[in-house]
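So the structure is just underneath, and the comments pick up after that.
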Amino acid sequence: MSRDDLRARLATGSLVLDGAMGTQLIARGMKPGVCNDLLNVEQPEVVADVHRAYVQAGSDAVLTNTFGANRFVLGRHGLVERVRQINTAGAVNARKAVGDGRYVLGDIGPCGDFLEPLGMLKAGDLRAAFAEQAEALVGGGVDGLIVETMTALDEALIAVETALAAANGRPVFASMSFDAAGGAFRTMMGVDVDSAVAALVSLGVDAVGYNCGTATLEEYVELTRRVVAAARKASPTVRVLAEPNAGKPELVGDQAVYRVTAEQFAEAAAKICALGVTIIGGCCGTSPELIAALAARVR
């Protein structure tokens, strides 16, 4: 695919993304707590099987298994020197798994640390880390980049600026993680919807939205209403994306258990799309079964 194909596709209607990666890897025998990103190199077929399952469920695009593949997260596993290898492999594997009939988004998640003065991380070091990751994903052949699950606006802006520079014309999506709080929605770092959306849209992203967070399906619908309103205020053309969790989990022992059915998830997704979301998928707790129901309903 050429780099222009995804942007052209966005103009034709809804784009269905995939769902959770981590829980699907565990379901295939991977141990919790290991470095999932390293599986791109050491057990690529397991990762590819997850990608293929989502395509079979109806996903138009999959996210690479590179959510934590920046040098700060990988450094905690002693893998700093393998950043480019792991990201390139994640992109190449995803493309092989889904073929030329689907799109691949290079997934960029947070670094797990805080910028100065709250933390010890320097902006220049963070920018270099995100550039390293984004360039490797683009080199591996992704159709676009998605910066997701961000809670600190300063980190999100650096990640998006870096992604835009590395994308070489490919679309870039930006997603924050909001929680319901006293009738409002804020990230863990206190960022409100209007501030986040306005700042991200001002950088020139193709789509802005939310993923993950702690909310019920009803709260995700209300969050969508507010994100769409903020996006329309910031730009008449920016697209809105949503990747809700499978509702709010229950803690059973030491495990988070999601009780939402495929039908309930699809019903919520239909309401979310009716509000103006055109890029829709799932985050924690979602599975190919839920994405299949979503895809069938929103189409």
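By convention here, the chains of the structure tokens are called A, B, ... in the order presented, each chain's residues are numbered starting at 1, and ligands are numbered starting at 1 in the order presented.
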_Residue contacts of Glu267 in chain A (9 Å, only C-alpha atoms) excluding same-chain residues fewer than 2 positions away, as JSON, numbers by chain_ = {"A": [262, 263, 264, 265, 269, 270, 271, 272, 293, 294, 297, 298]}
_Quick check for you: according to DSSP on this backbone, which residues of range 212-297 of chain A are classed as strand (DSSP E)? Reply as number ranges by chain._
A: 239-243, 250-252, 255-257, 279-280
*asked:* Give me the residues near Leu145 in chain A as a ChimeraX atom specification, where near means some atom within 12 Å (using only C-alpha atoms) and where sequence neighbours in that chain fewer than 4 positions away do not count.
replied: /A:3,6-7,61-64,66-67,91,103-109,130-131,133-141,159-175,205-207
*Could you find all residues in range 9-44 of chain A that DSSP calls helix (DSSP H, G or I) from the backbone, and write them as a count of residues only?*
16
*asked:* Excluding Tyr210 in chain A and its own-chain neighbours fewer than 3 positions away, which residues fall within 7 Å of it when counting only C-alpha atoms? Please give them as a ChimeraX atom specification.
replied: /A:175-178,241-243
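Taking CA of Thr214 in chain A as the reference point, CA of Ala184 in chain A is found at 12.8 Å.
Non-sequential neighbours of Gly101 in chain A (distance at most 12 Å, separation of 4 or more positions within a chain, only C-alpha atoms) are Met1, Asp5, Leu6, Arg9, Arg52, Val55, Gln56, Gly58, Ser59, Asp60, Ala61, Val62, Arg95, Lys96, Ala97 and Asp143 of chain A.
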File dump, residues just selected, C-alpha atoms, as a compact mmCIF listing (two decimals), in the first residue's frame:
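See out-v3.txt below for the written result:
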```
# COMPACT_ATOMS: atom_id res chain seq x y z
CA MET A 1 0.00 0.00 0.00
CA ASP A 5 -4.16 4.80 0.78
CA LEU A 6 -5.19 4.98 4.44
CA ARG A 9 -9.88 5.16 3.00
CA ARG A 52 -5.27 -12.67 11.82
CA VAL A 55 -8.97 -9.48 10.57
CA GLN A 56 -11.22 -12.52 10.43
CA GLY A 58 -13.85 -7.81 10.62
CA SER A 59 -11.08 -5.37 11.54
CA ASP A 60 -10.05 -3.04 8.73
CA ALA A 61 -6.81 -2.17 10.53
CA VAL A 62 -4.64 -3.72 13.23
CA ARG A 95 1.79 -6.65 7.42
CA LYS A 96 2.52 -10.31 6.64
CA ALA A 97 -0.34 -11.41 8.90
CA ASP A 143 0.30 2.71 6.88
```
_Pick from A:Leu25, A:Ala152, A:Val201, A:Ala69 nearest to Met188 in chain A, counting only C-alpha atoms_ = A:Ala152
*Residues within 10 Å of range 233-235 of chain A, only C-alpha atoms, excluding chain neighbours under 6 positions, as JSON, numbers by chain*: {"A": [194, 197, 198, 199, 200, 201, 202, 204, 227]}
_As an exercise, work out the distance from CA of Val142 in chain A to CA of Arg76 in chain A in Å and give it to one decimal place._
25.8 Å
